[in-house]
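Source file: coords_37.csv (CSV, C-alpha atoms)
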```
chain,number,residue,atom,x,y,z
C,22,MET,CA,0.0,0.0,0.0
C,23,PRO,CA,1.5,3.4,-1.0
C,24,PRO,CA,2.3,5.6,2.0
C,25,ARG,CA,-0.1,8.3,0.9
C,26,GLN,CA,-3.0,5.8,1.3
C,27,ARG,CA,-2.2,4.6,4.8
C,28,LEU,CA,-4.2,7.3,6.5
C,29,HIS,CA,-6.2,9.7,4.4
C,30,LEU,CA,-9.5,11.5,4.5
C,31,VAL,CA,-12.6,10.3,2.7
C,32,GLY,CA,-13.1,12.3,-0.5
C,33,GLU,CA,-16.2,14.3,-1.3
C,34,ASP,CA,-16.9,12.1,-4.3
C,35,GLU,CA,-16.3,8.7,-2.7
C,36,ASP,CA,-19.1,6.1,-2.2
C,37,HIS,CA,-17.9,5.3,1.3
C,38,ARG,CA,-19.9,2.5,3.0
C,39,VAL,CA,-19.7,0.7,6.3
C,40,SER,CA,-16.7,-1.7,6.3
C,41,THR,CA,-16.4,-5.2,7.7
C,42,LEU,CA,-13.8,-3.8,10.2
C,43,GLU,CA,-16.4,-1.4,11.6
C,44,LEU,CA,-18.9,-4.2,12.0
C,45,PHE,CA,-16.2,-6.3,13.7
C,46,PHE,CA,-15.5,-3.3,16.0
C,47,ASP,CA,-19.2,-3.1,17.0
C,48,LEU,CA,-19.1,-6.6,18.4
C,49,VAL,CA,-17.3,-5.3,21.4
C,50,PHE,CA,-20.2,-2.9,22.0
C,51,VAL,CA,-22.7,-5.7,21.7
C,52,TYR,CA,-21.0,-7.2,24.8
C,53,ALA,CA,-20.6,-3.8,26.5
C,54,ILE,CA,-24.3,-3.1,26.3
C,55,THR,CA,-25.1,-6.6,27.7
C,56,GLN,CA,-22.7,-5.9,30.6
C,57,THR,CA,-24.4,-2.6,31.2
C,58,THR,CA,-27.8,-4.3,31.5
C,59,GLN,CA,-26.2,-6.8,33.9
C,60,LEU,CA,-24.8,-4.0,36.0
C,61,MET,CA,-28.2,-2.5,36.5
C,62,ALA,CA,-29.8,-6.0,37.1
C,63,ASP,CA,-27.3,-6.7,39.8
C,64,HIS,CA,-28.1,-3.4,41.6
C,65,LEU,CA,-31.8,-3.0,41.3
C,66,SER,CA,-32.1,0.5,42.7
C,67,LEU,CA,-32.2,4.1,41.5
C,68,LEU,CA,-28.5,4.3,42.2
C,69,GLY,CA,-27.8,1.1,40.2
C,70,VAL,CA,-29.8,2.4,37.2
C,71,ALA,CA,-28.1,5.7,37.4
C,72,GLN,CA,-24.7,3.9,37.4
C,73,GLY,CA,-25.7,1.9,34.4
C,74,LEU,CA,-26.8,5.0,32.5
C,75,MET,CA,-23.5,6.7,33.4
C,76,VAL,CA,-21.6,3.7,32.0
C,77,LEU,CA,-23.8,3.8,28.9
C,78,ALA,CA,-22.9,7.5,28.4
C,79,VAL,CA,-19.2,6.6,28.5
C,80,LEU,CA,-19.6,3.7,26.1
C,81,TRP,CA,-21.7,5.9,23.8
C,82,TRP,CA,-19.0,8.6,23.7
C,83,CYS,CA,-16.4,5.9,22.8
C,84,TRP,CA,-18.6,4.5,20.0
C,85,CYS,CA,-19.5,7.9,18.6
C,86,SER,CA,-15.9,8.9,18.5
C,87,TYR,CA,-15.0,6.0,16.2
C,88,ALA,CA,-18.2,6.4,14.2
C,89,TRP,CA,-17.1,9.9,13.3
C,90,LEU,CA,-13.6,8.7,12.6
C,91,GLY,CA,-14.8,5.9,10.3
C,92,THR,CA,-16.9,8.5,8.4
C,93,THR,CA,-13.9,10.8,8.0
C,94,ILE,CA,-11.1,8.4,7.1
C,95,HIS,CA,-10.7,4.9,5.8
C,96,VAL,CA,-10.4,2.9,9.0
C,97,ASP,CA,-9.9,-0.4,7.3
C,98,GLN,CA,-6.6,0.7,5.6
C,99,GLY,CA,-3.1,1.0,6.8
C,100,ILE,CA,-2.3,2.5,10.2
C,101,ALA,CA,-5.9,3.3,10.9
C,102,ARG,CA,-6.7,-0.4,10.8
C,103,LEU,CA,-4.1,-1.0,13.5
C,104,ALA,CA,-5.6,1.8,15.6
C,105,MET,CA,-9.0,0.2,15.3
C,106,PHE,CA,-7.7,-3.1,16.4
C,107,GLY,CA,-5.9,-1.5,19.4
C,108,ALA,CA,-9.0,0.4,20.4
C,109,MET,CA,-11.1,-2.7,20.1
C,110,ALA,CA,-8.8,-4.7,22.4
C,111,VAL,CA,-8.7,-2.0,25.0
C,112,MET,CA,-12.5,-1.4,24.7
C,113,PHE,CA,-13.0,-5.1,25.4
C,114,LEU,CA,-11.2,-4.6,28.7
C,115,VAL,CA,-13.6,-1.7,29.4
C,116,SER,CA,-16.5,-4.0,28.7
C,117,LEU,CA,-15.2,-6.7,31.0
C,118,THR,CA,-14.9,-4.3,33.9
C,119,VAL,CA,-18.4,-2.7,33.4
C,120,PRO,CA,-20.0,-4.7,36.3
C,121,GLU,CA,-17.2,-3.5,38.6
C,122,ALA,CA,-16.9,0.1,37.3
C,123,PHE,CA,-18.1,1.5,40.6
C,124,THR,CA,-17.2,-1.1,43.2
C,125,ASP,CA,-13.9,-3.0,43.3
C,126,PRO,CA,-14.4,-6.6,44.5
C,127,PRO,CA,-11.7,-8.2,46.7
C,128,GLY,CA,-8.6,-9.5,44.9
C,129,GLY,CA,-7.3,-8.9,41.4
C,130,LEU,CA,-6.8,-5.5,39.8
C,131,ASP,CA,-8.5,-2.3,40.8
C,132,ALA,CA,-11.5,-2.6,38.5
C,133,PRO,CA,-12.8,1.0,38.6
C,134,LEU,CA,-9.3,2.3,37.9
C,135,LEU,CA,-8.8,-0.2,35.1
C,136,PHE,CA,-12.1,0.9,33.6
C,137,VAL,CA,-11.2,4.5,33.6
C,138,GLY,CA,-7.6,3.9,32.4
C,139,CYS,CA,-8.8,1.8,29.4
C,140,TYR,CA,-11.5,4.3,28.6
C,141,ALA,CA,-8.8,7.0,28.5
C,142,VAL,CA,-6.6,4.9,26.2
C,143,VAL,CA,-9.5,4.3,23.8
C,144,ARG,CA,-10.3,8.0,23.6
C,145,LEU,CA,-6.6,9.0,23.2
C,146,LEU,CA,-6.1,6.4,20.4
C,147,HIS,CA,-9.0,8.0,18.6
C,148,GLU,CA,-7.4,11.5,19.0
C,149,VAL,CA,-4.1,10.2,17.7
C,150,ALA,CA,-5.6,8.5,14.6
C,151,TYR,CA,-7.8,11.5,13.8
C,152,LEU,CA,-4.9,14.0,14.2
C,153,GLY,CA,-2.8,11.8,11.9
C,154,ALA,CA,-5.5,11.9,9.3
C,155,ALA,CA,-5.9,15.6,9.6
C,156,ARG,CA,-2.2,16.5,9.3
C,157,HIS,CA,-3.0,18.4,6.1
C,158,ASP,CA,-6.3,19.9,7.4
C,159,PRO,CA,-5.5,22.7,9.9
C,160,GLU,CA,-9.2,23.4,10.6
C,161,LEU,CA,-9.9,19.8,11.5
C,162,ARG,CA,-6.8,19.6,13.6
C,163,ARG,CA,-7.9,22.7,15.6
C,164,VAL,CA,-11.3,21.2,16.4
C,165,LEU,CA,-9.7,17.9,17.5
C,166,LEU,CA,-7.3,19.8,19.8
C,167,ARG,CA,-10.4,21.6,21.3
C,168,MET,CA,-11.8,18.2,22.2
C,169,LEU,CA,-8.9,17.7,24.6
C,170,ARG,CA,-10.2,20.7,26.7
C,171,GLY,CA,-13.1,18.5,27.8
C,172,LEU,CA,-11.5,15.1,27.6
C,173,VAL,CA,-8.5,15.7,29.9
C,174,PRO,CA,-10.4,17.2,32.9
C,175,SER,CA,-13.2,14.6,32.3
C,176,ILE,CA,-10.7,11.7,32.6
C,177,ALA,CA,-9.1,13.3,35.7
C,178,LEU,CA,-12.5,13.6,37.4
C,179,LEU,CA,-13.3,9.9,36.6
C,180,VAL,CA,-10.0,9.0,38.2
C,181,VAL,CA,-10.9,10.9,41.3
C,182,ALA,CA,-14.3,9.1,41.3
C,183,THR,CA,-12.5,5.7,41.6
C,184,PHE,CA,-11.5,6.7,45.2
C,185,LEU,CA,-15.1,7.6,46.2
C,186,HIS,CA,-18.2,5.6,47.0
C,187,GLY,CA,-21.9,5.9,47.0
C,188,PRO,CA,-23.8,9.0,45.7
C,189,TRP,CA,-20.6,11.2,45.7
C,190,GLN,CA,-19.0,8.9,43.3
C,191,LEU,CA,-22.0,9.2,41.0
C,192,VAL,CA,-22.0,13.0,41.3
C,193,VAL,CA,-18.3,13.2,40.2
C,194,TRP,CA,-19.1,10.8,37.3
C,195,ALA,CA,-21.9,13.1,36.2
C,196,VAL,CA,-19.7,16.2,36.4
C,197,ALA,CA,-17.0,14.4,34.4
C,198,LEU,CA,-19.4,13.4,31.6
C,199,PHE,CA,-21.1,16.8,31.6
C,200,VAL,CA,-17.7,18.6,31.1
C,201,ASP,CA,-16.9,16.4,28.1
C,202,TYR,CA,-20.3,16.5,26.5
C,203,LEU,CA,-20.7,20.2,27.1
C,204,ASN,CA,-17.3,20.9,25.5
C,205,VAL,CA,-18.3,19.1,22.3
C,206,TYR,CA,-21.6,20.9,22.2
C,207,LEU,CA,-20.1,24.3,22.7
C,208,SER,CA,-17.3,23.7,20.2
C,209,GLY,CA,-19.9,23.7,17.5
C,210,PRO,CA,-19.9,22.0,14.1
C,211,ALA,CA,-17.2,24.0,12.5
C,212,GLY,CA,-14.1,22.1,11.5
C,213,TRP,CA,-15.6,18.6,11.3
C,214,ARG,CA,-15.7,16.7,8.1
C,215,LEU,CA,-18.6,14.5,7.0
C,216,ASN,CA,-18.3,13.7,3.4
C,217,SER,CA,-20.3,10.5,3.5
C,218,PRO,CA,-23.7,11.0,5.1
C,219,ALA,CA,-25.0,7.6,3.9
C,220,HIS,CA,-22.1,5.9,5.8
C,221,PHE,CA,-22.7,8.0,8.9
C,222,SER,CA,-26.5,7.3,9.1
C,223,GLU,CA,-25.9,3.6,8.4
C,224,ARG,CA,-23.5,3.4,11.3
C,225,PHE,CA,-26.0,4.8,13.7
C,226,GLY,CA,-28.8,2.6,12.3
C,227,LEU,CA,-26.6,-0.4,13.0
C,228,ILE,CA,-26.0,0.6,16.7
C,229,VAL,CA,-29.8,0.9,17.1
C,230,ILE,CA,-30.1,-2.7,15.8
C,231,ILE,CA,-27.4,-3.7,18.3
C,232,ALA,CA,-29.3,-2.1,21.2
C,233,LEU,CA,-32.6,-3.7,20.1
C,234,GLY,CA,-30.8,-7.0,19.9
C,235,GLU,CA,-30.0,-6.6,23.6
C,236,SER,CA,-33.7,-6.5,24.4
C,237,ILE,CA,-34.0,-9.9,22.7
C,238,VAL,CA,-30.9,-11.3,24.4
C,239,ALA,CA,-32.4,-10.1,27.7
C,240,ILE,CA,-35.4,-12.4,27.2
C,241,GLY,CA,-33.1,-15.4,26.8
C,242,ILE,CA,-30.9,-14.4,29.8
C,243,GLY,CA,-34.0,-14.0,31.9
C,244,ILE,CA,-35.2,-17.5,31.0
C,245,GLY,CA,-31.7,-18.9,31.4
C,246,GLU,CA,-31.7,-22.7,31.9
C,247,LEU,CA,-35.1,-22.7,33.5
C,248,PRO,CA,-37.8,-25.0,31.9
C,249,MET,CA,-39.9,-23.6,29.1
C,250,THR,CA,-43.6,-23.3,29.7
C,251,TRP,CA,-46.6,-22.1,27.6
C,252,LEU,CA,-46.7,-18.9,29.6
C,253,VAL,CA,-43.0,-18.2,28.9
C,254,ALA,CA,-43.4,-19.1,25.2
C,255,GLY,CA,-46.4,-16.8,24.8
C,256,SER,CA,-44.7,-14.0,26.6
C,257,ALA,CA,-41.5,-14.4,24.6
C,258,ILE,CA,-43.6,-13.8,21.4
C,259,CYS,CA,-44.9,-10.6,23.0
C,260,GLY,CA,-41.3,-9.6,23.8
C,261,ILE,CA,-40.2,-10.1,20.2
C,262,ALA,CA,-43.3,-8.1,19.1
C,263,LEU,CA,-42.2,-5.3,21.4
C,264,ALA,CA,-38.7,-5.3,19.9
C,265,ALA,CA,-40.2,-5.4,16.4
C,266,GLY,CA,-42.5,-2.5,17.2
C,267,MET,CA,-39.6,-0.4,18.5
C,268,TRP,CA,-37.7,-1.2,15.3
C,269,TRP,CA,-40.6,-0.1,13.2
C,270,THR,CA,-41.1,3.2,15.0
C,271,TYR,CA,-37.4,4.1,14.2
C,272,PHE,CA,-36.7,2.6,10.8
C,273,ASP,CA,-40.0,3.1,9.0
C,274,VAL,CA,-39.8,6.9,8.7
C,275,VAL,CA,-37.5,8.5,11.3
C,276,ALA,CA,-34.3,6.9,10.2
C,277,HIS,CA,-35.0,7.8,6.5
C,278,ALA,CA,-36.0,11.4,7.4
C,279,ALA,CA,-32.7,11.9,9.3
C,280,GLU,CA,-30.6,10.4,6.5
C,281,HIS,CA,-32.4,12.5,3.9
C,282,ARG,CA,-31.8,15.7,5.8
C,283,LEU,CA,-28.2,14.8,6.4
C,284,THR,CA,-27.7,14.0,2.7
C,285,ARG,CA,-29.3,17.2,1.4
C,286,ALA,CA,-27.5,19.5,3.8
C,287,THR,CA,-24.0,20.8,3.2
C,288,GLY,CA,-21.1,22.4,5.1
C,289,LEU,CA,-21.8,23.5,8.7
C,290,GLU,CA,-25.5,22.6,8.4
C,291,ARG,CA,-24.6,19.0,7.7
C,292,THR,CA,-22.3,18.6,10.7
C,293,LYS,CA,-24.8,20.4,12.9
C,294,ILE,CA,-27.6,17.9,11.9
C,295,ALA,CA,-25.1,15.1,12.4
C,296,THR,CA,-24.3,16.3,15.9
C,297,ASP,CA,-27.8,17.0,17.0
C,298,SER,CA,-29.7,14.1,15.4
C,299,TYR,CA,-27.1,11.4,15.8
C,300,THR,CA,-24.4,12.2,18.4
C,301,PHE,CA,-26.8,13.6,21.0
C,302,LEU,CA,-30.4,12.6,20.3
C,303,HIS,CA,-29.5,8.9,19.7
C,304,LEU,CA,-28.1,8.6,23.2
C,305,PRO,CA,-31.6,8.8,25.0
C,306,LEU,CA,-32.9,6.5,22.3
C,307,ILE,CA,-30.3,3.8,23.1
C,308,ALA,CA,-30.8,4.4,26.8
C,309,GLY,CA,-34.5,3.7,26.4
C,310,VAL,CA,-33.8,0.4,24.7
C,311,VAL,CA,-31.4,-0.7,27.4
C,312,LEU,CA,-33.9,0.2,30.1
C,313,VAL,CA,-36.6,-1.9,28.3
C,314,ALA,CA,-34.1,-4.7,28.1
C,315,LEU,CA,-33.6,-4.5,31.9
C,316,GLY,CA,-37.4,-4.7,32.5
C,317,LEU,CA,-37.8,-7.6,30.1
C,318,LYS,CA,-34.9,-9.5,31.7
C,319,LYS,CA,-36.5,-9.3,35.2
C,320,SER,CA,-40.0,-10.1,33.8
C,321,PHE,CA,-38.9,-13.3,32.2
C,322,LEU,CA,-36.9,-14.3,35.3
C,323,TYR,CA,-40.2,-14.1,37.2
C,324,LEU,CA,-42.1,-16.0,34.5
C,325,ALA,CA,-39.6,-18.8,34.1
C,326,ASP,CA,-38.6,-19.4,37.7
C,327,THR,CA,-41.8,-21.2,38.8
C,328,VAL,CA,-40.1,-22.5,42.0
C,329,HIS,CA,-39.8,-19.1,43.5
C,330,TYR,CA,-42.5,-17.1,41.7
C,331,GLY,CA,-46.1,-17.9,40.8
C,332,PRO,CA,-47.8,-17.1,37.5
C,333,SER,CA,-49.6,-14.1,39.1
C,334,VAL,CA,-46.4,-12.4,40.3
C,335,ALA,CA,-46.2,-8.8,39.3
C,336,LEU,CA,-43.2,-6.6,38.5
C,337,HIS,CA,-42.6,-3.8,41.0
C,338,GLY,CA,-40.3,-0.8,41.5
C,339,VAL,CA,-37.2,-0.4,39.4
C,340,PRO,CA,-37.8,-3.2,36.9
C,341,LEU,CA,-41.3,-2.1,36.2
C,342,TRP,CA,-40.4,1.6,35.8
C,343,SER,CA,-37.4,0.5,33.6
C,344,LEU,CA,-39.8,-1.2,31.2
C,345,THR,CA,-42.4,1.5,31.0
C,346,GLY,CA,-40.1,4.4,31.5
C,347,GLY,CA,-37.5,3.0,29.1
C,348,LEU,CA,-40.2,2.7,26.4
C,349,ALA,CA,-41.5,6.2,27.1
C,350,LEU,CA,-37.9,7.6,26.8
C,351,TYR,CA,-37.5,5.8,23.5
C,352,LEU,CA,-40.7,7.2,22.1
C,353,VAL,CA,-39.8,10.7,23.2
C,354,ALA,CA,-36.3,10.4,21.6
C,355,VAL,CA,-37.8,9.1,18.3
C,356,SER,CA,-40.3,12.0,18.4
C,357,SER,CA,-37.5,14.4,19.0
C,358,LEU,CA,-35.6,13.1,16.0
C,359,ARG,CA,-38.7,13.8,13.9
C,360,ARG,CA,-38.9,17.3,15.4
C,361,ARG,CA,-35.3,18.0,14.5
C,362,ASN,CA,-35.5,16.7,10.9
C,363,LEU,CA,-39.1,17.2,9.8
C,364,GLY,CA,-40.0,20.2,12.0
C,365,SER,CA,-43.0,18.6,13.8
C,366,TRP,CA,-43.5,16.4,16.9
C,367,ASN,CA,-45.1,13.0,16.6
C,368,ARG,CA,-47.9,13.8,19.1
C,369,GLN,CA,-49.3,10.3,19.4
C,370,ARG,CA,-45.9,8.9,20.4
C,371,LEU,CA,-45.6,11.7,23.1
C,372,VAL,CA,-49.1,10.9,24.3
C,373,LEU,CA,-48.3,7.2,24.6
C,374,ALA,CA,-45.2,8.0,26.5
C,375,VAL,CA,-47.2,10.1,29.0
C,376,VAL,CA,-49.9,7.4,29.3
C,377,LEU,CA,-47.3,4.7,30.0
C,378,LEU,CA,-45.8,6.7,32.8
C,379,ALA,CA,-49.2,7.6,34.2
C,380,LEU,CA,-50.4,3.9,34.2
C,381,THR,CA,-47.2,2.5,35.7
C,382,PRO,CA,-48.5,2.6,39.3
C,383,LEU,CA,-51.6,0.6,38.2
C,384,LEU,CA,-49.5,-1.9,36.3
C,385,GLU,CA,-47.9,-3.0,39.6
C,386,HIS,CA,-51.1,-5.0,40.1
C,387,VAL,CA,-51.0,-7.1,36.9
C,388,PRO,CA,-49.0,-10.3,36.4
C,389,ALA,CA,-45.7,-9.9,34.7
C,390,ALA,CA,-47.0,-11.9,31.6
C,391,VAL,CA,-49.9,-9.5,31.3
C,392,LEU,CA,-47.5,-6.5,31.7
C,393,VAL,CA,-45.4,-7.7,28.8
C,394,LEU,CA,-48.5,-8.2,26.7
C,395,ILE,CA,-49.9,-4.8,27.5
C,396,VAL,CA,-46.6,-3.0,26.7
C,397,ALA,CA,-46.2,-4.8,23.4
C,398,ALA,CA,-49.8,-4.3,22.5
C,399,THR,CA,-49.6,-0.5,23.1
C,400,VAL,CA,-46.6,-0.2,20.7
C,401,LEU,CA,-48.3,-2.3,18.0
C,402,ALA,CA,-51.6,-0.3,18.5
C,403,LEU,CA,-49.5,2.9,18.0
C,404,ILE,CA,-48.1,1.6,14.7
C,405,ALA,CA,-51.6,0.5,13.5
C,406,PHE,CA,-53.0,3.9,14.4
C,407,GLU,CA,-50.2,5.7,12.5
C,408,ARG,CA,-51.1,3.7,9.4
C,409,THR,CA,-54.6,5.1,9.4
C,410,PRO,CA,-55.4,8.0,7.0
C,411,TRP,CA,-56.4,10.5,9.8
C,412,ALA,CA,-53.1,9.9,11.7
C,413,ARG,CA,-50.9,10.6,8.7
C,414,ARG,CA,-49.4,14.0,8.1
C,415,PRO,CA,-48.7,15.5,4.7
C,416,VAL,CA,-44.9,15.0,5.1
C,417,SER,CA,-43.1,13.3,2.2
C,418,VAL,CA,-39.8,11.6,3.1
C,419,PRO,CA,-37.9,10.3,0.0
C,420,ARG,CA,-36.3,6.9,0.5
C,421,VAL,CA,-32.5,7.4,0.4
C,422,GLY,CA,-30.9,4.6,-1.6
C,423,ARG,CA,-29.0,2.3,0.6
```
As a first step, turn the structure in this file into structure tokens.
Amino acid sequence: MPPRQRLHLVGEDEDHRVSTLELFFDLVFVYAITQTTQLMADHLSLLGVAQGLMVLAVLWWCWCSYAWLGTTIHVDQGIARLAMFGAMAVMFLVSLTVPEAFTDPPGGLDAPLLFVGCYAVVRLLHEVAYLGAARHDPELRRVLLRMLRGLVPSIALLVVATFLHGPWQLVVWAVALFVDYLNVYLSGPAGWRLNSPAHFSERFGLIVIIALGESIVAIGIGIGELPMTWLVAGSAICGIALAAGMWWTYFDVVAHAAEHRLTRATGLERTKIATDSYTFLHLPLIAGVVLVALGLKKSFLYLADTVHYGPSVALHGVPLWSLTGGLALYLVAVSSLRRRNLGSWNRQRLVLAVVLLALTPLLEHVPAAVLVLIVAATVLALIAFERTPWARRPVSVPRVGR
């Protein structure tokens, strides 16, 4: 391979698509999301859920960094390929330490410190690879160096958090992430390069698929090695229907609308849309899916474990609110994407989100199997309603060729 091709920017006229290396890289995040769900399942409290969401925000920042990198340069060529493999290896260590990111068990390495250290290496590898690609692009180099203003103090605060415990540890985590996220937001879209919007939107569509896959995996983990029953089998179909409904509400219109806006925009407007619609608004969407997965996992544990739980057992507290609240958050995030790219809210989705939250106290009195059925039925009813003529709005979204 000629030296000039080892690390170069994607050209404006290139048909840049998702590479197999990027798909391979995403496998680490499949496991990381599963570990995040497990972290919350092992600590079923508001503090445990907050810890899981903080970890998810860290993982999201890592994934987004490399999604932007893969859209800007050819990550499957030359030195960039080695950087991706290196980041993948270290990111796997981050994933392994997710369940112990806040509490260090006796023996072995200091898990919270290892988590933060590996996270720092992943982010710094990204900076080095990006700066190398931008060696002939002063504007891109300047914006990358501005990223260090938030990254360095954020990592320092996370290191401090490893020596703390309880709520104060979580507060320092929140401040650390706020500093990093705010720095990116305030830096604005100027300087970034996004020459392949189709590649960029496809990357984010794939990470949504990965998150939805976690909701399916959660059903299997909840059942585990427990015996299959008709109640479990029927509820599993409902769980798949819920995941399919969530897929539909994103990919049927919203994903196409976002890609269409991104493709038609140019310059600063394009990078602004990419930042708003994808980098920031997709985070609550993914968080909603992960919370739904947590609720499904606990629901199927109750349904399958007939020795400790009867068929009439109901979901309470954190697992229940994770299921309904996670779905509500997902619907709000999807509606927000519509608002950003089409200029109008999807009112029926917002109404359903409010209804789910309002009915949650009453759903504590229904069996877990009925709960899963109700939640799945509401999403499918929403989709059916949106197919009726009086629910449709006169908004035309051209299908972007994929």
Practice task
Pick out the closest residue to C:Thr327 from this set: C:Asp201, C:Thr124, C:Ile244, C:Arg368. Count only C-alpha atoms.
Solution key: C:Ile244
Is there a way to get, as a tab-separated table (two decimals) with C-alpha atoms, keeping the file's coordinate frame, all residues within 9 Å of the point (-46.0, 0.1, 23.4) in file coordinates, counting only C-alpha atoms?
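Output (selection-v5.tsv):
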```
chain	number	residue	atom	x	y	z
C	263	LEU	CA	-42.20	-5.30	21.40
C	266	GLY	CA	-42.50	-2.50	17.20
C	267	MET	CA	-39.60	-0.40	18.50
C	345	THR	CA	-42.40	1.50	31.00
C	348	LEU	CA	-40.20	2.70	26.40
C	349	ALA	CA	-41.50	6.20	27.10
C	352	LEU	CA	-40.70	7.20	22.10
C	373	LEU	CA	-48.30	7.20	24.60
C	374	ALA	CA	-45.20	8.00	26.50
C	377	LEU	CA	-47.30	4.70	30.00
C	395	ILE	CA	-49.90	-4.80	27.50
C	396	VAL	CA	-46.60	-3.00	26.70
C	397	ALA	CA	-46.20	-4.80	23.40
C	398	ALA	CA	-49.80	-4.30	22.50
C	399	THR	CA	-49.60	-0.50	23.10
C	400	VAL	CA	-46.60	-0.20	20.70
C	401	LEU	CA	-48.30	-2.30	18.00
C	402	ALA	CA	-51.60	-0.30	18.50
C	403	LEU	CA	-49.50	2.90	18.00
```
Exercise for the section: Enter the distance from atom CA of C:Glu148 to atom CA of C:Leu165, in Å, rounded to one decimal. Expected result: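 Atom CA of C:Glu148 sits 7.0 Å away from atom CA of C:Leu165.
Taking atom CA of C:Tyr206 and atom CA of C:Val76 as endpoints, the distance between them is 19.8 Å.
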Practice task
Return the single residue from C:Pro188, C:Gly212, C:Gly129, C:Gly309 that is closest to C:Leu233, with distances computed using only C-alpha atoms.
Solution key: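 Looking at the shortest contact to C:Leu233, the residue is C:Gly309.
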Handout entry: From C:Leu394, C:Leu358, C:Glu385, C:Ile404, residue lying nearest C:Ile261 [only C-alpha atoms]
Key =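 Checking each candidate against C:Ile261, we get C:Leu394 as the closest.
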Exercise for the section: Could you tell me which of C:Asn367, C:Thr409, C:Thr287, C:Ser357 comes closest to C:Phe301 if we count all atoms listed in the file? Expected result: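 Under the stated criterion, the closest residue is C:Ser357.
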Exercise for the section: Can you work out which one of C:Thr250, C:Thr300, C:Ser365, C:Thr270 has the shortest atom-to-atom distance to C:Ala325, counting only C-alpha atoms? Expected result: C:Thr250
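Those residues that approach C:Phe45 to within 12 Å, counting all atoms listed in the file, are Val39, Val51, Val96, Asp97, Arg102, Met105, Phe106, Ala108, Met109, Ala110 and Leu227 of chain C; same-chain residues fewer than 6 positions away are not listed.
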Practice task
Using all atoms listed in the file, find the one residue out of C:Leu191, C:Ala211, C:Ala262, C:Ile230 that sits nearest to C:Leu67.
Solution key: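 Nearest to C:Leu67: C:Leu191.
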Would you save stretch 136-148 of chain C to a file, keeping N, CA and C atoms, as a PDB file, in the first residue's frame?
```pdb
ATOM      1  N   PHE C 136     -11.097   0.384  34.484  1.00  0.00           N
ATOM      2  CA  PHE C 136     -12.150   0.861  33.589  1.00  0.00           C
ATOM      3  C   PHE C 136     -11.819   2.252  33.068  1.00  0.00           C
ATOM      4  N   VAL C 137     -11.493   3.159  33.975  1.00  0.00           N
ATOM      5  CA  VAL C 137     -11.192   4.543  33.579  1.00  0.00           C
ATOM      6  C   VAL C 137      -9.922   4.607  32.735  1.00  0.00           C
ATOM      7  N   GLY C 138      -8.900   3.852  33.133  1.00  0.00           N
ATOM      8  CA  GLY C 138      -7.643   3.864  32.386  1.00  0.00           C
ATOM      9  C   GLY C 138      -7.818   3.377  30.962  1.00  0.00           C
ATOM     10  N   CYS C 139      -8.566   2.290  30.786  1.00  0.00           N
ATOM     11  CA  CYS C 139      -8.798   1.758  29.436  1.00  0.00           C
ATOM     12  C   CYS C 139      -9.663   2.711  28.619  1.00  0.00           C
ATOM     13  N   TYR C 140     -10.643   3.335  29.270  1.00  0.00           N
ATOM     14  CA  TYR C 140     -11.467   4.331  28.581  1.00  0.00           C
ATOM     15  C   TYR C 140     -10.597   5.482  28.074  1.00  0.00           C
ATOM     16  N   ALA C 141      -9.654   5.928  28.903  1.00  0.00           N
ATOM     17  CA  ALA C 141      -8.755   7.013  28.498  1.00  0.00           C
ATOM     18  C   ALA C 141      -7.912   6.600  27.296  1.00  0.00           C
ATOM     19  N   VAL C 142      -7.432   5.375  27.300  1.00  0.00           N
ATOM     20  CA  VAL C 142      -6.607   4.890  26.182  1.00  0.00           C
ATOM     21  C   VAL C 142      -7.432   4.852  24.893  1.00  0.00           C
ATOM     22  N   VAL C 143      -8.680   4.374  24.983  1.00  0.00           N
ATOM     23  CA  VAL C 143      -9.548   4.315  23.804  1.00  0.00           C
ATOM     24  C   VAL C 143      -9.757   5.708  23.215  1.00  0.00           C
ATOM     25  N   ARG C 144     -10.033   6.685  24.073  1.00  0.00           N
ATOM     26  CA  ARG C 144     -10.263   8.043  23.588  1.00  0.00           C
ATOM     27  C   ARG C 144      -8.993   8.676  23.019  1.00  0.00           C
ATOM     28  N   LEU C 145      -7.854   8.418  23.644  1.00  0.00           N
ATOM     29  CA  LEU C 145      -6.594   8.997  23.172  1.00  0.00           C
ATOM     30  C   LEU C 145      -6.148   8.357  21.858  1.00  0.00           C
ATOM     31  N   LEU C 146      -6.380   7.056  21.702  1.00  0.00           N
ATOM     32  CA  LEU C 146      -6.088   6.405  20.427  1.00  0.00           C
ATOM     33  C   LEU C 146      -6.909   7.035  19.307  1.00  0.00           C
ATOM     34  N   HIS C 147      -8.140   7.365  19.611  1.00  0.00           N
ATOM     35  CA  HIS C 147      -8.999   8.033  18.630  1.00  0.00           C
ATOM     36  C   HIS C 147      -8.423   9.392  18.243  1.00  0.00           C
ATOM     37  N   GLU C 148      -7.984  10.152  19.252  1.00  0.00           N
ATOM     38  CA  GLU C 148      -7.401  11.476  18.987  1.00  0.00           C
ATOM     39  C   GLU C 148      -6.158  11.359  18.111  1.00  0.00           C
TER      40      GLU C 148
END
```
